[in-house]
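Asker: My structure is stored as model.pdb, with PDB, C-alpha atoms.
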```
ATOM      1  CA  MET A 458      -6.241 -18.522  17.804
ATOM      2  CA  ARG A 459      -8.828 -21.082  16.806
ATOM      3  CA  ASP A 460      -7.963 -24.567  15.696
ATOM      4  CA  VAL A 461      -7.738 -24.848  11.914
ATOM      5  CA  ARG A 462      -9.996 -27.889  12.039
ATOM      6  CA  GLU A 463     -12.665 -26.016  13.935
ATOM      7  CA  GLU A 464     -15.500 -25.211  11.621
ATOM      8  CA  MET A 465     -16.369 -21.622  10.793
ATOM      9  CA  ASP A 466     -19.980 -20.596  11.257
ATOM     10  CA  CYS A 467     -21.858 -18.615   8.607
ATOM     11  CA  ASN A 468     -22.361 -15.634  10.910
ATOM     12  CA  GLU A 469     -18.591 -15.468  11.445
ATOM     13  CA  LEU A 470     -17.789 -15.812   7.753
ATOM     14  CA  VAL A 471     -20.007 -12.914   6.683
ATOM     15  CA  GLU A 472     -17.945 -10.515   8.829
ATOM     16  CA  LEU A 473     -14.670 -11.624   7.221
ATOM     17  CA  VAL A 474     -15.532 -11.205   3.549
ATOM     18  CA  THR A 475     -13.777  -7.861   3.039
ATOM     19  CA  ALA A 476     -10.635  -9.140   4.771
ATOM     20  CA  TYR A 477     -10.857 -12.285   2.607
ATOM     21  CA  LEU A 478     -11.162 -10.259  -0.608
ATOM     22  CA  ASP A 479      -8.279  -7.997   0.474
ATOM     23  CA  GLY A 480      -6.113 -11.030   1.196
ATOM     24  CA  SER A 481      -5.549  -9.901   4.758
ATOM     25  CA  LEU A 482      -6.823 -12.942   6.686
ATOM     26  CA  ASP A 483      -4.202 -14.901   8.572
ATOM     27  CA  LEU A 484      -3.494 -18.254   6.997
ATOM     28  CA  ASP A 485      -5.456 -20.395   9.479
ATOM     29  CA  THR A 486      -8.546 -18.219   9.194
ATOM     30  CA  ARG A 487      -8.288 -18.224   5.431
ATOM     31  CA  VAL A 488      -8.201 -22.037   5.447
ATOM     32  CA  ARG A 489     -11.292 -22.182   7.680
ATOM     33  CA  PHE A 490     -13.013 -19.672   5.382
ATOM     34  CA  ASP A 491     -12.220 -21.672   2.242
ATOM     35  CA  MET A 492     -13.193 -24.982   3.875
ATOM     36  CA  HIS A 493     -16.520 -23.537   4.938
ATOM     37  CA  LEU A 494     -17.231 -22.232   1.430
ATOM     38  CA  LEU A 495     -16.750 -25.714  -0.027
ATOM     39  CA  THR A 496     -19.741 -27.057   1.840
ATOM     40  CA  CYS A 497     -22.002 -24.030   2.301
ATOM     41  CA  GLU A 498     -24.143 -22.886  -0.572
ATOM     42  CA  GLY A 499     -25.520 -19.926   1.386
ATOM     43  CA  CYS A 500     -22.071 -18.485   2.075
ATOM     44  CA  GLU A 501     -20.943 -19.134  -1.473
ATOM     45  CA  SER A 502     -23.935 -17.062  -2.587
ATOM     46  CA  TYR A 503     -23.174 -14.413   0.026
ATOM     47  CA  LEU A 504     -19.624 -14.063  -1.292
ATOM     48  CA  GLN A 505     -20.971 -13.795  -4.854
ATOM     49  CA  GLN A 506     -23.425 -11.087  -3.716
ATOM     50  CA  PHE A 507     -20.605  -9.208  -2.010
ATOM     51  CA  ARG A 508     -18.401  -9.331  -5.114
ATOM     52  CA  GLU A 509     -21.319  -8.129  -7.234
ATOM     53  CA  THR A 510     -21.883  -5.302  -4.747
ATOM     54  CA  VAL A 511     -18.275  -4.152  -5.064
ATOM     55  CA  ARG A 512     -18.524  -4.371  -8.857
ATOM     56  CA  THR A 513     -21.788  -2.395  -8.837
ATOM     57  CA  VAL A 514     -20.288   0.407  -6.729
ATOM     58  CA  GLY A 515     -17.443   0.469  -9.272
ATOM     59  CA  MET A 516     -20.012   1.272 -11.971
ATOM     60  CA  ILE A 517     -21.248   4.409 -10.198
ATOM     61  CA  ARG A 518     -20.132   7.422 -12.184
ATOM     62  CA  ASP A 519     -19.429  10.839 -10.793
ATOM     63  CA  ASP A 520     -21.914  13.626 -11.170
ATOM     64  CA  GLU A 521     -21.429  16.010 -14.040
ATOM     65  CA  LEU A 522     -19.139  18.903 -13.269
ATOM     66  CA  ASP A 523     -21.165  22.081 -12.765
ATOM     67  CA  PRO A 524     -20.284  24.322 -15.770
ATOM     68  CA  ALA A 525     -20.221  27.495 -13.637
ATOM     69  CA  PHE A 526     -17.793  25.892 -11.195
ATOM     70  CA  ARG A 527     -15.652  24.644 -14.079
ATOM     71  CA  ARG A 528     -15.480  28.199 -15.463
ATOM     72  CA  ARG A 529     -14.416  29.540 -12.073
ATOM     73  CA  LEU A 530     -11.606  26.990 -11.903
ATOM     74  CA  LEU A 531     -10.347  27.819 -15.386
ATOM     75  CA  ASP A 532     -10.507  31.566 -14.604
ATOM     76  CA  ALA A 533      -8.434  30.936 -11.498
ATOM     77  CA  PHE A 534      -5.895  29.098 -13.635
ATOM     78  CA  ARG A 535      -5.597  32.063 -16.041
ATOM     79  CA  ASP A 536      -5.135  34.487 -13.135
ATOM     80  CA  PHE A 537      -2.203  32.520 -11.823
ATOM     81  CA  ARG A 538      -0.287  31.879 -15.036
TER      82      ARG A 538
ATOM     83  CA  MET B 245       1.780  27.919   1.138
ATOM     84  CA  THR B 246       4.174  25.003   1.175
ATOM     85  CA  LEU B 247       3.070  21.837  -0.493
ATOM     86  CA  PRO B 248       2.878  18.635   1.490
ATOM     87  CA  ILE B 249       4.194  16.063  -0.940
ATOM     88  CA  PRO B 250       2.804  12.641  -0.075
ATOM     89  CA  SER B 251       5.429  10.001   0.465
ATOM     90  CA  THR B 252       3.162   7.061  -0.195
ATOM     91  CA  ALA B 253       2.006   5.249  -3.259
ATOM     92  CA  ASP B 254       4.279   6.000  -6.162
ATOM     93  CA  ARG B 255       2.097   4.062  -8.472
ATOM     94  CA  ILE B 256      -1.363   4.925  -9.640
ATOM     95  CA  ALA B 257      -3.913   2.503  -8.258
ATOM     96  CA  SER B 258      -5.709   0.442 -10.814
ATOM     97  CA  GLY B 259      -9.425   0.543 -10.365
ATOM     98  CA  PRO B 260     -12.831   1.265 -11.714
ATOM     99  CA  MET B 261     -12.287   4.861 -12.797
ATOM    100  CA  THR B 262      -8.552   4.951 -13.224
ATOM    101  CA  GLU B 263      -6.049   4.184 -15.874
ATOM    102  CA  THR B 264      -2.304   4.153 -15.638
ATOM    103  CA  VAL B 265      -0.741   7.088 -17.413
ATOM    104  CA  ASP B 266       2.709   8.589 -17.593
ATOM    105  CA  GLU B 267       2.195  12.025 -16.124
ATOM    106  CA  THR B 268       5.518  13.582 -17.104
ATOM    107  CA  ASP B 269       4.137  15.255 -20.240
ATOM    108  CA  LEU B 270       1.095  16.449 -18.352
ATOM    109  CA  ILE B 271       3.218  18.060 -15.627
ATOM    110  CA  THR B 272       5.421  19.735 -18.249
ATOM    111  CA  ALA B 273       2.293  21.076 -19.982
ATOM    112  CA  LEU B 274       0.977  22.457 -16.681
ATOM    113  CA  ARG B 275       4.308  24.155 -15.993
ATOM    114  CA  ASN B 276       4.072  25.780 -19.416
ATOM    115  CA  GLY B 277       0.642  27.160 -18.530
ATOM    116  CA  ASP B 278      -1.206  24.867 -20.938
ATOM    117  CA  GLU B 279      -4.855  25.571 -20.223
ATOM    118  CA  ALA B 280      -6.161  22.565 -22.149
ATOM    119  CA  ALA B 281      -4.040  20.251 -19.985
ATOM    120  CA  PHE B 282      -5.383  21.935 -16.847
ATOM    121  CA  ALA B 283      -8.976  21.744 -18.116
ATOM    122  CA  GLY B 284      -8.542  18.026 -18.820
ATOM    123  CA  LEU B 285      -7.373  17.404 -15.259
ATOM    124  CA  VAL B 286     -10.173  19.538 -13.833
ATOM    125  CA  ASP B 287     -12.759  17.560 -15.793
ATOM    126  CA  ARG B 288     -11.259  14.287 -14.727
ATOM    127  CA  TYR B 289     -10.797  14.816 -11.002
ATOM    128  CA  THR B 290     -13.058  17.637  -9.828
ATOM    129  CA  PRO B 291     -16.265  15.578  -9.444
ATOM    130  CA  SER B 292     -14.483  12.949  -7.285
ATOM    131  CA  LEU B 293     -12.678  15.632  -5.288
ATOM    132  CA  VAL B 294     -15.979  17.386  -4.537
ATOM    133  CA  ARG B 295     -17.622  14.075  -3.645
ATOM    134  CA  VAL B 296     -14.917  13.194  -1.119
ATOM    135  CA  ALA B 297     -14.574  16.784   0.180
ATOM    136  CA  ARG B 298     -18.278  16.743   0.954
ATOM    137  CA  GLY B 299     -17.509  14.170   3.683
ATOM    138  CA  TYR B 300     -15.485  16.768   5.595
ATOM    139  CA  VAL B 301     -17.442  19.987   5.296
ATOM    140  CA  PRO B 302     -21.066  20.901   5.984
ATOM    141  CA  SER B 303     -22.174  22.088   2.542
ATOM    142  CA  HIS B 304     -21.668  21.514  -1.153
ATOM    143  CA  GLN B 305     -20.600  25.131  -1.549
ATOM    144  CA  ILE B 306     -17.795  24.799   0.984
ATOM    145  CA  ALA B 307     -16.731  21.538  -0.657
ATOM    146  CA  GLU B 308     -16.369  23.449  -3.935
ATOM    147  CA  GLU B 309     -14.325  26.155  -2.203
ATOM    148  CA  VAL B 310     -12.011  23.509  -0.768
ATOM    149  CA  VAL B 311     -11.590  21.922  -4.188
ATOM    150  CA  GLN B 312     -10.945  25.315  -5.789
ATOM    151  CA  GLU B 313      -8.188  25.983  -3.231
ATOM    152  CA  THR B 314      -6.760  22.577  -4.072
ATOM    153  CA  TRP B 315      -6.508  23.403  -7.785
ATOM    154  CA  ILE B 316      -4.944  26.777  -6.985
ATOM    155  CA  ALA B 317      -2.408  25.005  -4.767
ATOM    156  CA  LEU B 318      -1.554  22.736  -7.686
ATOM    157  CA  VAL B 319      -1.110  25.648 -10.103
ATOM    158  CA  LYS B 320       1.033  27.563  -7.609
ATOM    159  CA  GLY B 321       3.077  24.522  -6.685
ATOM    160  CA  ILE B 322       3.458  22.727 -10.000
ATOM    161  CA  ASP B 323       7.022  24.006 -10.497
ATOM    162  CA  ARG B 324       8.009  22.271  -7.271
ATOM    163  CA  PHE B 325       5.957  19.130  -7.876
ATOM    164  CA  GLU B 326       8.481  16.326  -7.922
ATOM    165  CA  GLY B 327       6.321  13.623  -9.373
ATOM    166  CA  ARG B 328       7.168  11.249  -6.554
ATOM    167  CA  SER B 329       3.490  10.573  -6.102
ATOM    168  CA  ALA B 330       0.762  10.323  -8.683
ATOM    169  CA  LEU B 331      -1.002  13.624  -9.329
ATOM    170  CA  ARG B 332      -4.253  12.076  -8.163
ATOM    171  CA  THR B 333      -2.779  11.060  -4.807
ATOM    172  CA  TRP B 334      -1.284  14.522  -4.454
ATOM    173  CA  LEU B 335      -4.612  16.216  -5.237
ATOM    174  CA  PHE B 336      -6.569  14.147  -2.715
ATOM    175  CA  THR B 337      -3.921  14.596  -0.017
ATOM    176  CA  VAL B 338      -3.893  18.372  -0.427
ATOM    177  CA  MET B 339      -7.690  18.539  -0.658
ATOM    178  CA  ILE B 340      -8.150  16.555   2.560
ATOM    179  CA  ASN B 341      -5.585  18.745   4.359
ATOM    180  CA  ILE B 342      -7.371  21.904   3.239
ATOM    181  CA  ALA B 343     -10.768  20.465   4.201
ATOM    182  CA  LYS B 344      -9.494  19.528   7.665
ATOM    183  CA  ALA B 345      -7.899  22.959   8.102
ATOM    184  CA  ARG B 346     -11.298  24.548   7.584
ATOM    185  CA  GLY B 347     -12.152  22.762  10.815
ATOM    186  CA  LEU B 348     -15.835  23.115  10.110
ATOM    187  CA  ARG B 349     -16.793  19.546  10.544
ATOM    188  CA  GLU B 350     -13.901  17.905  12.268
ATOM    189  CA  ARG B 351     -14.430  14.160  12.384
ATOM    190  CA  ARG B 352     -13.145  12.580  15.513
ATOM    191  CA  ASP B 353     -13.894   8.953  14.912
ATOM    192  CA  THR B 354     -10.981   7.589  16.843
ATOM    193  CA  ASP B 355      -9.627   4.162  16.088
ATOM    194  CA  ALA B 356     -10.998   3.026  19.451
ATOM    195  CA  ALA B 357     -14.494   4.235  18.571
ATOM    196  CA  ILE B 358     -14.424   2.330  15.300
ATOM    197  CA  ALA B 359     -13.141  -0.844  16.958
ATOM    198  CA  ALA B 360     -15.782  -0.617  19.692
ATOM    199  CA  PHE B 361     -18.467  -1.529  17.194
ATOM    200  CA  THR B 362     -19.530  -5.103  17.919
ATOM    201  CA  GLY B 363     -22.781  -5.561  16.021
ATOM    202  CA  GLY B 364     -22.921  -7.790  12.972
ATOM    203  CA  THR B 365     -23.451  -6.531   9.436
ATOM    204  CA  VAL B 366     -26.097  -9.183   8.694
ATOM    205  CA  ASP B 367     -29.415  -9.391  10.553
ATOM    206  CA  PRO B 368     -28.812 -11.993  13.329
ATOM    207  CA  ALA B 369     -32.357 -13.319  12.766
ATOM    208  CA  ARG B 370     -31.128 -14.862   9.504
ATOM    209  CA  PHE B 371     -28.963 -17.335  11.428
ATOM    210  CA  ARG B 372     -29.942 -20.382  13.481
ATOM    211  CA  THR B 373     -30.024 -19.969  17.226
ATOM    212  CA  ALA B 374     -28.039 -21.736  19.916
ATOM    213  CA  GLU B 375     -30.803 -24.325  20.376
ATOM    214  CA  ASP B 376     -30.406 -25.460  16.781
ATOM    215  CA  PRO B 377     -28.081 -28.354  15.875
ATOM    216  CA  TYR B 378     -26.246 -25.899  13.560
ATOM    217  CA  PRO B 379     -26.089 -22.653  15.514
ATOM    218  CA  GLY B 380     -24.733 -19.673  13.569
ATOM    219  CA  HIS B 381     -25.615 -21.155  10.200
ATOM    220  CA  TRP B 382     -28.114 -19.719   7.727
ATOM    221  CA  ARG B 383     -31.736 -20.539   8.458
ATOM    222  CA  PRO B 384     -33.061 -22.454   5.441
ATOM    223  CA  ASP B 385     -35.583 -19.716   4.592
ATOM    224  CA  GLU B 386     -32.962 -16.954   4.972
ATOM    225  CA  MET B 387     -30.211 -18.361   2.821
ATOM    226  CA  PRO B 388     -28.827 -15.862   0.286
ATOM    227  CA  SER B 389     -29.187 -16.581  -3.424
ATOM    228  CA  PRO B 390     -26.722 -15.370  -6.041
ATOM    229  CA  PHE B 391     -27.385 -11.972  -7.625
ATOM    230  CA  PRO B 392     -28.307 -12.253 -11.305
ATOM    231  CA  ASP B 393     -25.934 -11.147 -14.067
ATOM    232  CA  SER B 394     -26.185  -7.404 -14.512
ATOM    233  CA  PRO B 395     -23.569  -6.254 -17.018
ATOM    234  CA  GLU B 396     -22.639  -2.581 -17.144
ATOM    235  CA  GLY B 397     -25.076  -0.756 -19.400
ATOM    236  CA  SER B 398     -27.819  -3.385 -19.077
ATOM    237  CA  LEU B 399     -31.192  -2.296 -17.734
ATOM    238  CA  LEU B 400     -30.735  -4.243 -14.499
ATOM    239  CA  GLY B 401     -27.138  -3.044 -14.217
ATOM    240  CA  ASN B 402     -28.304   0.573 -14.426
ATOM    241  CA  GLU B 403     -31.030  -0.005 -11.853
ATOM    242  CA  LEU B 404     -28.686  -1.683  -9.380
ATOM    243  CA  THR B 405     -26.079   1.036  -9.860
ATOM    244  CA  GLU B 406     -28.700   3.655  -9.021
ATOM    245  CA  VAL B 407     -29.819   1.711  -5.920
ATOM    246  CA  ALA B 408     -26.166   1.413  -4.832
ATOM    247  CA  ARG B 409     -25.540   5.132  -5.460
ATOM    248  CA  ARG B 410     -28.472   6.148  -3.285
ATOM    249  CA  GLU B 411     -27.350   3.896  -0.425
ATOM    250  CA  LEU B 412     -23.762   5.140  -0.742
ATOM    251  CA  GLU B 413     -25.067   8.695  -0.191
ATOM    252  CA  ARG B 414     -26.835   7.551   2.966
ATOM    253  CA  LEU B 415     -23.846   5.833   4.605
ATOM    254  CA  PRO B 416     -22.218   7.431   7.654
ATOM    255  CA  GLU B 417     -19.460   9.865   6.544
ATOM    256  CA  ARG B 418     -16.401   7.736   7.160
ATOM    257  CA  GLN B 419     -17.917   4.642   5.613
ATOM    258  CA  ARG B 420     -19.031   6.686   2.624
ATOM    259  CA  VAL B 421     -15.579   8.197   2.098
ATOM    260  CA  VAL B 422     -13.815   4.823   2.384
ATOM    261  CA  VAL B 423     -16.253   2.967   0.089
ATOM    262  CA  THR B 424     -16.115   5.831  -2.436
ATOM    263  CA  MET B 425     -12.323   5.847  -2.504
ATOM    264  CA  ARG B 426     -11.848   2.075  -2.556
ATOM    265  CA  ASP B 427     -14.693   0.773  -4.702
ATOM    266  CA  MET B 428     -15.817   3.735  -6.772
ATOM    267  CA  LEU B 429     -12.524   5.541  -7.396
ATOM    268  CA  GLY B 430     -10.236   2.519  -7.137
ATOM    269  CA  PHE B 431      -7.718   3.683  -4.524
ATOM    270  CA  ASP B 432      -5.892   0.801  -2.829
ATOM    271  CA  SER B 433      -6.082   0.248   0.927
ATOM    272  CA  GLY B 434      -2.605   1.678   1.606
ATOM    273  CA  GLU B 435      -3.496   4.944  -0.125
ATOM    274  CA  VAL B 436      -6.794   5.257   1.722
ATOM    275  CA  CYS B 437      -5.134   4.623   5.103
ATOM    276  CA  ALA B 438      -2.482   7.251   4.365
ATOM    277  CA  LEU B 439      -4.958   9.819   3.046
ATOM    278  CA  LEU B 440      -7.470   9.428   5.872
ATOM    279  CA  GLY B 441      -5.042   8.668   8.673
ATOM    280  CA  VAL B 442      -6.719   5.438   9.777
ATOM    281  CA  SER B 443      -5.217   2.048  10.538
ATOM    282  CA  ALA B 444      -5.516  -0.773   8.010
ATOM    283  CA  ALA B 445      -7.819  -2.676  10.370
ATOM    284  CA  ASN B 446     -10.192   0.248  10.819
ATOM    285  CA  GLN B 447     -10.181   1.081   7.144
ATOM    286  CA  ARG B 448     -11.338  -2.504   6.604
ATOM    287  CA  VAL B 449     -14.076  -2.242   9.251
ATOM    288  CA  LEU B 450     -15.447   0.941   7.630
ATOM    289  CA  LEU B 451     -15.236  -0.569   4.152
ATOM    290  CA  HIS B 452     -16.891  -3.799   5.236
ATOM    291  CA  ARG B 453     -19.768  -2.076   7.005
ATOM    292  CA  GLY B 454     -20.404   0.221   4.054
ATOM    293  CA  ARG B 455     -20.281  -2.597   1.516
ATOM    294  CA  ALA B 456     -22.528  -4.789   3.681
ATOM    295  CA  ALA B 457     -25.156  -2.028   3.891
ATOM    296  CA  ILE B 458     -25.128  -1.622   0.106
ATOM    297  CA  ARG B 459     -25.289  -5.408  -0.367
ATOM    298  CA  GLN B 460     -28.383  -5.483   1.817
ATOM    299  CA  VAL B 461     -30.287  -2.860  -0.207
ATOM    300  CA  LEU B 462     -29.350  -4.614  -3.449
ATOM    301  CA  GLU B 463     -30.633  -7.904  -2.034
ATOM    302  CA  ASP B 464     -33.873  -6.219  -0.922
ATOM    303  CA  TYR B 465     -34.279  -4.566  -4.313
ATOM    304  CA  LEU B 466     -33.774  -7.837  -6.187
ATOM    305  CA  LYS B 467     -36.194  -9.646  -3.882
ATOM    306  CA  ASP B 468     -38.911  -7.067  -4.505
ATOM    307  CA  ALA B 469     -38.352  -7.118  -8.254
ATOM    308  CA  PRO B 470     -40.952  -9.142 -10.148
TER     309      PRO B 470
END
```
Written as structure tokens, how would this file's structure read?
Answerer:
Amino acid sequence: MRDVREEMDCNELVELVTAYLDGSLDLDTRVRFDMHLLTCEGCESYLQQFRETVRTVGMIRDDELDPAFRRRLLDAFRDFR
Amino acid sequence: MTLPIPSTADRIASGPMTETVDETDLITALRNGDEAAFAGLVDRYTPSLVRVARGYVPSHQIAEEVVQETWIALVKGIDRFEGRSALRTWLFTVMINIAKARGLRERRDTDAAIAAFTGGTVDPARFRTAEDPYPGHWRPDEMPSPFPDSPEGSLLGNELTEVARRELERLPERQRVVVTMRDMLGFDSGEVCALLGVSAANQRVLLHRGRAAIRQVLEDYLKDAP
């Protein structure tokens, strides 16, 4: 394991963002991540972009249900009850 | 057919397309043959079921067949449904089992194969090289800038959502399924690991790679925008 005081590089941080957001980094790595963010505008922006990406995917809505398929499913329900 | 009742996740995950509901009344209605209750469930879950099923089988038509079998399994098995898991978790578990049993497009991404991936998710050319005093840090001309505000329903929000949707469709199967379940449908990581039979670490690798690819197309889109 790396020394807590050892600085994290940007190209290491970008691979840890999902683990960071999931809260699954070990404590030392989390500290190095947070310390790096304090002084790195680029990584702060990267984290913001990543959060916005997750939020944007959350806004994707499912396709409409095909009415013919829906009818088939409801017919199947009637057949079984 | 016996029903595999999932042992995981008693609670309903909170997330983008979910809300917590007490399902007792719904299950009673289904047992009584209430068609409106069934239709409500079909409307709510069928599109997501088809979307995820599509990751296991070679055509949309077969995905629909798998989902139809899933609903029939629910109707046949509702009297024995014990409510130990949320209906949604049950539906996805049964659907994935049926899809796998079709054996038409068996995915054999082993944990080892996922872990073997060593490439980065950001273009290495964006970082300073070993000769630089700050190796591994952003090059000044490659530094990311924050994405602008794009509230749901705004013009930009709609555009970005469409860009993200198209990239999601293009992701490799496993990444697409994991990103869909986690970020679009709001399953938590424990549920996704149980449903897909992957380790927590590999679920995270797939999720991270998928998200990073979508982040990149959003960044490109925003850069090209006037």
Asker: For the interface of chain B with chain A (cut-off 6 Å, counting all atoms listed in the file), please tabulate each contacting residue of chain B alongside its nearest pair of atoms and their separation in Å to one decimal, rows sorted by chain and increasing number, as JSON lines.
Answerer:
```
{"residue": "B:Pro260", "atom": "CA", "partner": "A:Gly515", "partner_atom": "CA", "distance": 5.3}
{"residue": "B:Gly277", "atom": "CA", "partner": "A:Arg538", "partner_atom": "CA", "distance": 5.9}
{"residue": "B:Pro291", "atom": "CA", "partner": "A:Leu522", "partner_atom": "CA", "distance": 5.8}
{"residue": "B:Gly380", "atom": "CA", "partner": "A:Asp466", "partner_atom": "CA", "distance": 5.4}
{"residue": "B:His381", "atom": "CA", "partner": "A:Cys467", "partner_atom": "CA", "distance": 4.8}
{"residue": "B:Met387", "atom": "CA", "partner": "A:Gly499", "partner_atom": "CA", "distance": 5.1}
{"residue": "B:Pro388", "atom": "CA", "partner": "A:Gly499", "partner_atom": "CA", "distance": 5.4}
{"residue": "B:Ser389", "atom": "CA", "partner": "A:Ser502", "partner_atom": "CA", "distance": 5.3}
{"residue": "B:Pro390", "atom": "CA", "partner": "A:Ser502", "partner_atom": "CA", "distance": 4.7}
{"residue": "B:Phe391", "atom": "CA", "partner": "A:Gln506", "partner_atom": "CA", "distance": 5.6}
{"residue": "B:Thr405", "atom": "CA", "partner": "A:Thr513", "partner_atom": "CA", "distance": 5.6}
{"residue": "B:Asp427", "atom": "CA", "partner": "A:Gly515", "partner_atom": "CA", "distance": 5.3}
{"residue": "B:Met428", "atom": "CA", "partner": "A:Gly515", "partner_atom": "CA", "distance": 4.4}
{"residue": "B:His452", "atom": "CA", "partner": "A:Thr475", "partner_atom": "CA", "distance": 5.6}
{"residue": "B:Arg459", "atom": "CA", "partner": "A:Thr510", "partner_atom": "CA", "distance": 5.5}
```
Asker: With C-alpha atoms retained, write the just-selected residues as a PDB file, keeping the file's coordinate frame.
Answerer:
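Wrote it out as selection38.pdb, contents follow:
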```pdb
ATOM      1  CA  PRO B 260     -12.831   1.265 -11.714  1.00  0.00           C
ATOM      2  CA  GLY B 277       0.642  27.160 -18.530  1.00  0.00           C
ATOM      3  CA  PRO B 291     -16.265  15.578  -9.444  1.00  0.00           C
ATOM      4  CA  GLY B 380     -24.733 -19.673  13.569  1.00  0.00           C
ATOM      5  CA  HIS B 381     -25.615 -21.155  10.200  1.00  0.00           C
ATOM      6  CA  MET B 387     -30.211 -18.361   2.821  1.00  0.00           C
ATOM      7  CA  PRO B 388     -28.827 -15.862   0.286  1.00  0.00           C
ATOM      8  CA  SER B 389     -29.187 -16.581  -3.424  1.00  0.00           C
ATOM      9  CA  PRO B 390     -26.722 -15.370  -6.041  1.00  0.00           C
ATOM     10  CA  PHE B 391     -27.385 -11.972  -7.625  1.00  0.00           C
ATOM     11  CA  THR B 405     -26.079   1.036  -9.860  1.00  0.00           C
ATOM     12  CA  ASP B 427     -14.693   0.773  -4.702  1.00  0.00           C
ATOM     13  CA  MET B 428     -15.817   3.735  -6.772  1.00  0.00           C
ATOM     14  CA  HIS B 452     -16.891  -3.799   5.236  1.00  0.00           C
ATOM     15  CA  ARG B 459     -25.289  -5.408  -0.367  1.00  0.00           C
TER      16      ARG B 459
END
```
Asker: Please expand the PyMOL selection byres ((chain B and resi 411) around 10) into the concrete residues it hits in this file, giving the result as an NGL selection string.
Answerer: :B and (405-410 or 412-415 or 420 or 454-455 or 457-462)
Asker: Out of B:Thr424, B:Thr314, B:Gln419, B:Asn276, which residue has the shortest atom-to-atom distance to Ser292 of chain B when counting all atoms listed in the file?
Answerer: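 Of B:Thr424, B:Thr314, B:Gln419, B:Asn276, the one nearest Ser292 of chain B is B:Thr424, counting all atoms listed in the file.
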Asker: Between B:Thr333, B:Tyr289, B:Ala343, B:Asp468, which residue has the minimum interatomic distance to Ser303 of chain B, considering only C-alpha atoms?
Answerer: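 Once distances to Ser303 of chain B are computed over only C-alpha atoms, the minimum belongs to B:Ala343.
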Asker: Pick out the closest residue to Glu403 of chain B from this set: B:Leu439, B:Leu466, B:Pro377, B:Gly434. Count all atoms listed in the file.
Answerer: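 Once distances to Glu403 of chain B are computed over all atoms listed in the file, the minimum belongs to B:Leu466.
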Asker: Pick out the closest residue to Ala369 of chain B from this set: B:Ala281, B:Asp385, B:Glu417, B:Leu404. Count all atoms listed in the file.
Answerer: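 Answer, going by the shortest atom-to-atom distance: B:Asp385.
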Asker: Show which residues sit within 8 Å of Arg372 of chain B, as a list in words. Count only C-alpha atoms, and ignore same-chain residues fewer than 4 positions away.
Answerer: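 Listed by chain and then number, they are Asp376, Tyr378, Pro379, Gly380, His381, Trp382 and Arg383 of chain B.
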Asker: Output the residue selection produced by the PyMOL selection byres ((chain A and resi 490) around 9) on the file above, formatted as a list in words.
Answerer: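 Selection result, ordered by chain and number: Glu464, Met465, Leu470, Leu473, Tyr477, Asp485, Thr486, Arg487, Val488, Arg489, Asp491, Met492, His493, Leu494 and Leu495 of chain A.
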Asker: Could you state the separation of atom CA of Val311 of chain B and atom CA of Ile342 of chain B in Å, given to one decimal place?
Answerer: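 Computing it gives 8.5 Å between the two atoms.
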Asker: Could you please determine the separation between atom CA of Leu440 of chain B and atom CA of Asn341 of chain B in Å, to one decimal place?
Answerer: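 Distance between the two atoms: 9.6 Å.
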Asker: For atom CA of Asn402 of chain B and atom CA of Glu386 of chain B, quote the distance in Å rounded to one decimal.
Answerer: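 It comes out at 26.6 Å.
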Asker: Extract, using only C-alpha atoms, all DNA, RNA and protein residues at most 10 Å from Glu267 of chain B, discarding same-chain residues fewer than 4 positions from it, and format them as a PyMOL selection string.
Answerer: chain B and resi 271-273+327+330-331
